[in-house]
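S.K.: I am sharing upload_2.cif, which consists of mmCIF, C-alpha atoms:
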```cif
data_work
loop_
_atom_site.group_PDB
_atom_site.id
_atom_site.type_symbol
_atom_site.label_atom_id
_atom_site.label_comp_id
_atom_site.auth_asym_id
_atom_site.auth_seq_id
_atom_site.Cartn_x
_atom_site.Cartn_y
_atom_site.Cartn_z
ATOM 1 C CA MET A 11 69.053 45.427 39.128
ATOM 2 C CA GLU A 12 68.636 42.728 36.501
ATOM 3 C CA ILE A 13 66.731 39.668 37.680
ATOM 4 C CA ASN A 14 66.341 36.494 35.670
ATOM 5 C CA VAL A 15 63.873 33.900 36.889
ATOM 6 C CA ILE A 16 64.881 30.407 35.773
ATOM 7 C CA ASN A 17 63.051 27.327 37.017
ATOM 8 C CA GLU A 18 61.631 29.360 39.908
ATOM 9 C CA ASP A 19 65.139 30.226 41.111
ATOM 10 C CA LEU A 20 66.155 33.849 41.446
ATOM 11 C CA VAL A 21 69.575 34.216 39.869
ATOM 12 C CA PHE A 22 71.763 37.197 40.716
ATOM 13 C CA THR A 23 74.592 38.067 38.372
ATOM 14 C CA GLY A 24 77.211 40.550 39.485
ATOM 15 C CA ASP A 25 77.550 42.587 42.675
ATOM 16 C CA ILE A 26 74.252 44.119 43.776
ATOM 17 C CA GLU A 27 72.820 45.143 47.122
ATOM 18 C CA PHE A 28 71.705 42.100 49.105
ATOM 19 C CA ASP A 29 70.806 43.444 52.532
ATOM 20 C CA GLU A 30 67.044 43.749 51.954
ATOM 21 C CA ILE A 31 66.877 40.438 50.129
ATOM 22 C CA LEU A 32 68.984 38.646 52.717
ATOM 23 C CA LYS A 33 67.020 40.091 55.608
ATOM 24 C CA ASN A 34 63.865 38.565 54.150
ATOM 25 C CA ASN A 35 65.527 35.351 52.998
ATOM 26 C CA VAL A 36 67.011 34.495 56.382
ATOM 27 C CA SER A 37 63.464 34.298 57.692
ATOM 28 C CA LYS A 38 62.317 31.979 54.847
ATOM 29 C CA GLN A 39 61.723 33.724 51.541
ATOM 30 C CA VAL A 40 62.138 36.791 49.358
ATOM 31 C CA ILE A 41 59.071 38.900 48.640
ATOM 32 C CA LEU A 42 59.611 41.127 45.631
ATOM 33 C CA LYS A 43 57.987 44.564 45.305
ATOM 34 C CA ASN A 44 55.684 43.259 42.588
ATOM 35 C CA GLY A 45 54.248 40.760 45.088
ATOM 36 C CA TYR A 46 55.941 37.647 43.762
ATOM 37 C CA THR A 47 57.440 35.372 46.379
ATOM 38 C CA ILE A 48 60.676 33.560 45.623
ATOM 39 C CA THR A 49 61.796 30.799 47.957
ATOM 40 C CA ASN A 50 64.665 29.153 46.086
ATOM 41 C CA ILE A 51 67.608 31.495 45.645
ATOM 42 C CA ARG A 52 70.744 30.821 43.686
ATOM 43 C CA PHE A 53 73.602 33.330 43.661
ATOM 44 C CA VAL A 54 75.912 33.350 40.663
ATOM 45 C CA GLY A 55 78.934 35.365 39.621
ATOM 46 C CA SER A 56 79.771 37.348 42.719
ATOM 47 C CA ASN A 57 82.149 36.898 45.652
ATOM 48 C CA GLN A 58 79.883 39.159 47.695
ATOM 49 C CA ALA A 59 76.938 36.925 46.830
ATOM 50 C CA GLN A 60 78.856 33.798 47.864
ATOM 51 C CA ASP A 61 79.848 35.389 51.171
ATOM 52 C CA LYS A 62 76.239 36.368 51.864
ATOM 53 C CA LEU A 63 74.947 32.916 50.983
ATOM 54 C CA ASP A 64 77.506 31.366 53.344
ATOM 55 C CA GLU A 65 76.382 33.838 56.001
ATOM 56 C CA ILE A 66 72.729 32.829 55.533
ATOM 57 C CA PHE A 67 73.694 29.167 55.724
ATOM 58 C CA LEU A 68 75.645 29.548 58.970
ATOM 59 C CA ILE A 69 72.915 31.689 60.557
ATOM 60 C CA ARG A 70 70.319 29.072 59.676
ATOM 61 C CA LEU A 71 72.552 26.301 61.000
ATOM 62 C CA LYS A 72 73.060 28.122 64.305
ATOM 63 C CA ASN A 73 69.321 28.821 64.583
ATOM 64 C CA GLY A 74 68.412 25.162 64.064
ATOM 65 C CA VAL A 75 66.754 25.756 60.682
ATOM 66 C CA ASN A 76 66.999 23.066 57.994
ATOM 67 C CA ILE A 77 70.138 23.766 55.915
ATOM 68 C CA ASN A 78 69.782 21.089 53.270
ATOM 69 C CA LYS A 79 68.634 23.340 50.422
ATOM 70 C CA TYR A 80 71.829 25.414 50.715
ATOM 71 C CA LEU A 81 74.334 22.578 50.650
ATOM 72 C CA CYS A 82 75.057 22.507 46.924
ATOM 73 C CA TRP A 83 75.548 26.299 46.830
ATOM 74 C CA ILE A 84 77.773 27.061 49.806
ATOM 75 C CA SER A 85 81.542 27.438 49.699
ATOM 76 C CA LYS A 86 84.183 25.003 50.920
ATOM 77 C CA GLU A 87 84.922 27.466 53.730
ATOM 78 C CA ALA A 88 81.330 27.281 54.972
ATOM 79 C CA LEU A 89 81.478 23.488 54.834
ATOM 80 C CA ARG A 90 84.698 23.556 56.886
ATOM 81 C CA ALA A 91 83.007 25.850 59.394
ATOM 82 C CA THR A 92 80.076 23.422 59.583
ATOM 83 C CA VAL A 93 82.410 20.547 60.482
ATOM 84 C CA ASP A 94 84.145 22.723 63.088
ATOM 85 C CA ILE A 95 80.786 23.673 64.617
ATOM 86 C CA PHE A 96 79.732 20.018 64.733
ATOM 87 C CA ILE A 97 83.034 18.899 66.273
ATOM 88 C CA SER A 98 82.905 21.685 68.870
ATOM 89 C CA GLY A 99 79.587 20.276 70.052
ATOM 90 C CA SER A 100 78.176 23.796 70.440
ATOM 91 C CA ILE A 101 75.255 22.958 68.166
ATOM 92 C CA ARG A 102 73.721 19.534 67.768
ATOM 93 C CA PHE A 103 72.509 18.744 64.258
ATOM 94 C CA ASN A 104 72.471 15.872 61.771
ATOM 95 C CA ILE A 105 75.710 16.272 59.854
ATOM 96 C CA MET A 106 75.036 13.367 57.499
ATOM 97 C CA SER A 107 73.332 15.673 54.987
ATOM 98 C CA VAL A 108 76.587 17.665 54.843
ATOM 99 C CA VAL A 109 78.940 14.661 54.539
ATOM 100 C CA PRO A 110 78.556 14.068 50.756
ATOM 101 C CA PHE A 111 79.742 17.642 50.105
ATOM 102 C CA LEU A 112 82.860 17.462 52.289
ATOM 103 C CA GLU A 113 86.420 17.300 51.018
ATOM 104 C CA LYS A 114 88.765 14.494 52.130
ATOM 105 C CA GLU A 115 90.395 16.543 54.888
ATOM 106 C CA GLU A 116 87.084 17.463 56.503
ATOM 107 C CA LEU A 117 85.927 13.841 56.281
ATOM 108 C CA LYS A 118 89.123 12.676 57.964
ATOM 109 C CA LYS A 119 88.748 15.308 60.677
ATOM 110 C CA LEU A 120 85.160 14.237 61.307
ATOM 111 C CA ALA A 121 86.016 10.516 61.249
ATOM 112 C CA THR A 122 88.917 11.025 63.650
ATOM 113 C CA LYS A 123 86.633 12.800 66.135
ATOM 114 C CA VAL A 124 84.028 10.049 65.860
ATOM 115 C CA ILE A 125 86.674 7.337 66.362
ATOM 116 C CA ASP A 126 88.303 9.127 69.305
ATOM 117 C CA GLU A 127 84.953 9.545 71.045
ATOM 118 C CA ASP A 128 83.553 6.145 69.977
ATOM 119 C CA GLY A 129 80.711 8.005 68.311
ATOM 120 C CA PHE A 130 79.921 11.689 68.616
ATOM 121 C CA ASN A 131 76.662 13.681 68.658
ATOM 122 C CA GLY A 132 74.766 10.676 67.303
ATOM 123 C CA LEU A 133 77.251 10.043 64.491
ATOM 124 C CA ARG A 134 78.859 6.601 64.239
ATOM 125 C CA PHE A 135 81.950 5.718 62.230
ATOM 126 C CA ASN A 136 80.134 3.133 60.093
ATOM 127 C CA SER A 137 77.969 5.952 58.657
ATOM 128 C CA LEU A 138 81.095 7.647 57.315
ATOM 129 C CA ILE A 139 82.747 4.597 55.701
ATOM 130 C CA PRO A 140 81.146 5.029 52.236
ATOM 131 C CA PHE A 141 82.603 8.549 52.040
ATOM 132 C CA LEU A 142 86.150 7.826 53.245
ATOM 133 C CA ASP A 143 88.994 6.838 50.956
ATOM 134 C CA LYS A 144 90.368 3.323 51.290
ATOM 135 C CA PHE A 145 93.831 4.499 52.388
ATOM 136 C CA PHE A 146 92.382 6.311 55.396
ATOM 137 C CA ILE A 147 90.292 3.270 56.332
ATOM 138 C CA LYS A 148 93.340 0.994 55.995
ATOM 139 C CA LYS A 149 95.317 3.327 58.279
ATOM 140 C CA ILE A 150 92.567 3.241 60.886
ATOM 141 C CA VAL A 151 92.372 -0.563 60.789
ATOM 142 C CA LYS A 152 96.170 -0.853 61.028
ATOM 143 C CA ASP A 153 96.279 1.570 63.980
ATOM 144 C CA PHE A 154 93.519 -0.427 65.673
ATOM 145 C CA ILE A 155 95.375 -3.731 65.191
ATOM 146 C CA ASP A 156 98.701 -2.245 66.328
ATOM 147 C CA ASN A 157 97.196 -0.828 69.496
#
```
Would you give me this structure, written as structure tokens?
M.R.:
Amino acid sequence: MEINVINEDLVFTGDIEFDEILKNNVSKQVILKNGYTITNIRFVGSNQAQDKLDEIFLIRLKNGVNINKYLCWISKEALRATVDIFISGSIRFNIMSVVPFLEKEELKKLATKVIDEDGFNGLRFNSLIPFLDKFFIKKIVKDFIDN
């Protein structure tokens, strides 16, 4: 296995075996056989790696562990799953750290839930306004005035 250490990040290129690394990383860090400890992991160039990183992210989310360091590395699918988990109410967490990474459709879905519930899980609509496109906001205002 070829390992490049760049800026204290462990970069994986290509498909390699992740089970041992992931088992350790889910708990906080990777301890290499030579005794070095790596805490910031970046996966590059592998669908398997992306799937595993998404898996780590969702496990940490469900276990109440801080997910912020994974946000710029996870897939759109994992972000969608995060919104679905938040909207389901099964896990309570601060979704605002996720909001800047969401696509328009996920933002609209989240905003609609917050509007329908007049706030949801501590999230208020005004917190989402900077991230929503003006056409969606205009539609909401028009619907409010019409009703």
S.K.: Report as a list in words all protein, DNA and RNA residues lying within 9 Å of region 69-78 of chain A, evaluated on all atoms listed in the file, omitting residues in the same chain fewer than 3 positions from it.
M.R.: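 Those residues are Val36, Ser37, Asp64, Glu65, Ile66, Leu81, Cys82, Thr92, Ile95, Ile101, Arg102, Phe103, Ser107 and Val108 of chain A.
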S.K.: Kindly indicate which residue among A:Val151, A:Ala121, A:Ile97, A:Met106 lies nearest to Ile139 (chain A), using all atoms listed in the file for the distances.
M.R.: A:Ala121
S.K.: Under the rule that only C-alpha atoms are counted, which of A:Glu113, A:Val124, A:Leu89, A:Ser98 is the nearest residue to Asn136 (chain A)?
M.R.: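 Using only C-alpha atoms, Asn136 (chain A) sits closest to A:Val124.
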S.K.: One number please: CA of Phe67 (chain A) to CA of Glu127 (chain A), in Å, one decimal.
M.R.: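 For CA of Phe67 (chain A) relative to CA of Glu127 (chain A), the distance reads 27.3 Å.
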S.K.: If we count only C-alpha atoms and set the cut-off at 12 Å, which residues sit around region 109-112 of chain A, ignoring sequence neighbours fewer than 2 positions away in its own chain? Please answer as a VMD selection string.
M.R.: chain A and resid 78 80 to 93 96 104 to 107 114 to 121 133 137 to 142
S.K.: Report the distance between CA of Leu63 (chain A) and CA of Ser100 (chain A) in Å, rounded to one decimal place.
M.R.: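 So the two atoms, CA of Leu63 (chain A) and CA of Ser100 (chain A), lie 21.7 Å apart.
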S.K.: Kindly give the distance, in Å, that separates CA of Leu68 (chain A) and CA of Gly99 (chain A), rounded to a single decimal.
M.R.: 15.0 Å
